[in-house]
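*Asks:* Okay, handing you the structure first.
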Amino acid sequence: MPSIDRPLSPHLQVYRPQITSVLSILHRLTGVALTFGTLLLTWWLVAAAYGAEEFGYAQAFLGSWFGQLILWAFTFAVFYHLANGIRHLLWDFGWGFEIEQVRLTGIIVVAFAAGATLVTLIAAYAVGGA
Amino acid sequence: MEMRSSLGRVRGLGSAKEGVGHWWAQRFTAIALVPLSIWFVFAAISLIGVDYATFRAWLAIFGNALAMTVLVGTLFYHAYLGMQVVIEDYVHHEPARVIALLASRFIIFVLAVSCILAIALVAMGR
């Protein structure tokens with residue numbers, strides 16, 4: 001391989017974090033996190049096929065404080081990735097590339113994700129009684 | 001004019017002509033996952049704390065089994081496409097990249113089959 005001695009961009013460490021860059025990497029981080037989250041979904045479904053005892057283990061874990069914490073994190077990740085994914089689809093159609101639009105839609109995405117997570121949390125505790 | 005070096009050509013560098021299909025598949029699954037994931041959140045809330053028999057009865061309803069199967073298939077396909085992009089972007093060591101790509105593809109395939117098999121067995125009352 002030829003040695004490459006020209007500078008290779010981007011030098012992330014010299015950039016100040018901005019809403020554009022932070023939300024961009026957050027889309028990937030939530031995507032990867034949700035991919036690992038499918039392990040829980042698989043466990044839940046497979047446990048239901050295995051039997052009552054195994055399903056009980058899965059439900060008990062998901063109902064524990066640690067399980068609930070993970071589920072809330074995944075709830076936020078789902079809503080963030082969903083909203084930011086729609087933002088990406090709008091970009092694919094060529095809409096929203098002005099810097100002010102990018103900033104505004106970014107704030108909307110974060111606000112939606114936080115709000116939807118909160119509403120889900122309230123609904124979940126209303127249904128499940130904690 | 002050929003812009004690639006002889007070595008680059010031999011090693012198959014450059015476009016594999018698969019990018020457009022990948023791009024469309026990622027967008028198509030993304031659009032499908034919008035209603036599916038919203039359905040899943042509502043379903044999951046309604047299923048909080050239910051016992052074994054109740055959950056199996058819920059999953060045995062055809063519409064629920066169908067939606068869950070479509071969700072799982074779409075979700076794992078989308079997850080695979082996404083993981084592929086992330087691995088290709090960040091894993092620079094070539095052997096590690098190939099192993100990571102193959103491993104992620106295999107693991108996601110096994111998870112998807114496990115989910116679909118589990119849904120089918122529960123839906124058939126097994």
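Residue numbers start at 1 in each chain; chains themselves are named A, B, ... in the order of the structure tokens; ligands are numbered from 1 in the order shown.
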For the contact check between chain A and chain B, emit one row per residue of chain A within 6 Å, containing the shortest atom pair and the distance in Å rounded to one decimal, counting only C-alpha atoms, chain then rising number order, as JSON lines.

*Replies:*
```
{"residue": "A:Thr35", "atom": "CA", "partner": "B:Ala79", "partner_atom": "CA", "distance": 5.8}
{"residue": "A:Thr42", "atom": "CA", "partner": "B:Cys115", "partner_atom": "CA", "distance": 5.5}
{"residue": "A:Leu45", "atom": "CA", "partner": "B:Ala118", "partner_atom": "CA", "distance": 6.0}
{"residue": "A:Val46", "atom": "CA", "partner": "B:Ala118", "partner_atom": "CA", "distance": 5.2}
{"residue": "A:Ala49", "atom": "CA", "partner": "B:Ala118", "partner_atom": "CA", "distance": 5.2}
{"residue": "A:Ala52", "atom": "CA", "partner": "B:Tyr52", "partner_atom": "CA", "distance": 5.6}
{"residue": "A:Ala124", "atom": "CA", "partner": "B:Ile45", "partner_atom": "CA", "distance": 5.4}
{"residue": "A:Gly128", "atom": "CA", "partner": "B:Ile48", "partner_atom": "CA", "distance": 5.5}
```

*Asks:* Which one of A:Ile19, A:Leu26, A:Ala33, A:Ile122 sits closest to A:Ile99 if you count only C-alpha atoms?

*Replies:*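 The closest residue to A:Ile99 is A:Ile19.
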
*Asks:* Could you list, as a compact mmCIF listing (two decimals) with all heavy atoms, in the first residue's frame, every residue within 12 Å of A:Gly67, counting only C-alpha atoms and ignoring same-chain residues fewer than 5 positions away?

*Replies:*
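Output (out.txt):
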```txt
# COMPACT_ATOMS: atom_id res chain seq x y z
N GLY A 37 -30.39 -3.80 20.61
CA GLY A 37 -31.67 -3.93 21.30
C GLY A 37 -32.54 -5.05 20.75
O GLY A 37 -33.41 -5.58 21.45
N LEU A 40 -33.00 -8.13 22.86
CA LEU A 40 -34.08 -8.19 23.85
C LEU A 40 -35.38 -8.62 23.21
O LEU A 40 -36.12 -9.44 23.75
CB LEU A 40 -34.27 -6.80 24.49
CG LEU A 40 -33.39 -6.42 25.68
CD1 LEU A 40 -33.82 -5.07 26.21
CD2 LEU A 40 -33.46 -7.47 26.78
N TYR A 57 -39.01 -15.36 33.13
CA TYR A 57 -37.67 -14.77 33.31
C TYR A 57 -37.55 -13.47 32.51
O TYR A 57 -37.06 -12.45 33.02
CB TYR A 57 -36.57 -15.73 32.86
CG TYR A 57 -36.42 -16.96 33.70
CD1 TYR A 57 -36.07 -18.19 33.13
CD2 TYR A 57 -36.58 -16.91 35.09
CE1 TYR A 57 -35.93 -19.34 33.89
CE2 TYR A 57 -36.45 -18.04 35.86
CZ TYR A 57 -36.12 -19.27 35.26
OH TYR A 57 -35.98 -20.39 36.02
N ALA A 58 -37.99 -13.54 31.24
CA ALA A 58 -37.86 -12.37 30.36
C ALA A 58 -38.70 -11.22 30.90
O ALA A 58 -38.22 -10.08 30.99
CB ALA A 58 -38.28 -12.73 28.93
N GLN A 59 -39.96 -11.51 31.27
CA GLN A 59 -40.84 -10.46 31.79
C GLN A 59 -40.28 -9.88 33.09
O GLN A 59 -40.35 -8.68 33.32
CB GLN A 59 -42.26 -11.00 32.02
CG GLN A 59 -43.07 -11.24 30.76
CD GLN A 59 -43.51 -9.96 30.08
OE1 GLN A 59 -42.69 -9.25 29.52
NE2 GLN A 59 -44.79 -9.66 30.10
N ALA A 60 -39.72 -10.76 33.95
CA ALA A 60 -39.17 -10.30 35.22
C ALA A 60 -37.98 -9.37 34.99
O ALA A 60 -37.86 -8.33 35.65
CB ALA A 60 -38.75 -11.49 36.08
N PHE A 61 -37.12 -9.73 34.00
CA PHE A 61 -35.97 -8.87 33.72
C PHE A 61 -36.44 -7.52 33.17
O PHE A 61 -35.99 -6.47 33.61
CB PHE A 61 -35.03 -9.52 32.71
CG PHE A 61 -33.92 -8.60 32.27
CD1 PHE A 61 -32.85 -8.34 33.12
CD2 PHE A 61 -33.97 -7.95 31.05
CE1 PHE A 61 -31.84 -7.45 32.74
CE2 PHE A 61 -32.97 -7.07 30.67
CZ PHE A 61 -31.91 -6.83 31.52
N LEU A 62 -37.38 -7.56 32.20
CA LEU A 62 -37.85 -6.32 31.59
C LEU A 62 -38.60 -5.45 32.60
O LEU A 62 -38.62 -4.23 32.48
CB LEU A 62 -38.75 -6.63 30.38
CG LEU A 62 -38.04 -7.32 29.21
CD1 LEU A 62 -39.05 -7.69 28.13
CD2 LEU A 62 -36.96 -6.42 28.62
N TRP A 72 -36.38 2.33 28.63
CA TRP A 72 -36.56 3.78 28.43
C TRP A 72 -35.50 4.33 27.49
O TRP A 72 -35.79 5.18 26.65
CB TRP A 72 -36.57 4.53 29.76
CG TRP A 72 -37.77 4.17 30.57
CD1 TRP A 72 -37.83 3.78 31.86
CD2 TRP A 72 -39.12 4.10 30.09
NE1 TRP A 72 -39.12 3.46 32.22
CE2 TRP A 72 -39.92 3.65 31.15
CE3 TRP A 72 -39.72 4.36 28.85
CZ2 TRP A 72 -41.30 3.46 31.02
CZ3 TRP A 72 -41.08 4.17 28.72
CH2 TRP A 72 -41.85 3.73 29.79
N ALA A 73 -34.28 3.85 27.65
CA ALA A 73 -33.22 4.30 26.75
C ALA A 73 -33.55 3.90 25.31
O ALA A 73 -33.39 4.69 24.37
CB ALA A 73 -31.88 3.71 27.18
N PHE A 74 -34.05 2.67 25.14
CA PHE A 74 -34.41 2.21 23.79
C PHE A 74 -35.62 2.97 23.26
O PHE A 74 -35.72 3.22 22.05
CB PHE A 74 -34.68 0.71 23.78
CG PHE A 74 -33.41 -0.12 23.73
CD1 PHE A 74 -33.24 -1.20 24.56
CD2 PHE A 74 -32.41 0.21 22.83
CE1 PHE A 74 -32.06 -1.95 24.52
CE2 PHE A 74 -31.25 -0.53 22.79
CZ PHE A 74 -31.07 -1.61 23.63
```

*Asks:* Can you list every residue in chain B that DSSP puts in alpha helix (DSSP H), as a count of residues only?

*Replies:* 101

*Asks:* Do a neighbour search on A:Val110 at 12 Å with only C-alpha atoms, toss out local chain neighbours closer than 6 positions, and write the hits as a PyMOL selection string.

*Replies:* chain A and resi 19-20+22-24+26-27+76-84+87+103-104+116-117

*Asks:* Quick one: of B:Arg4, B:Ile61, B:Ile107, B:Gly12, who's nearest to A:Phe36, counting only C-alpha atoms?

*Replies:*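 Selected residue with least distance to A:Phe36: B:Ile107.
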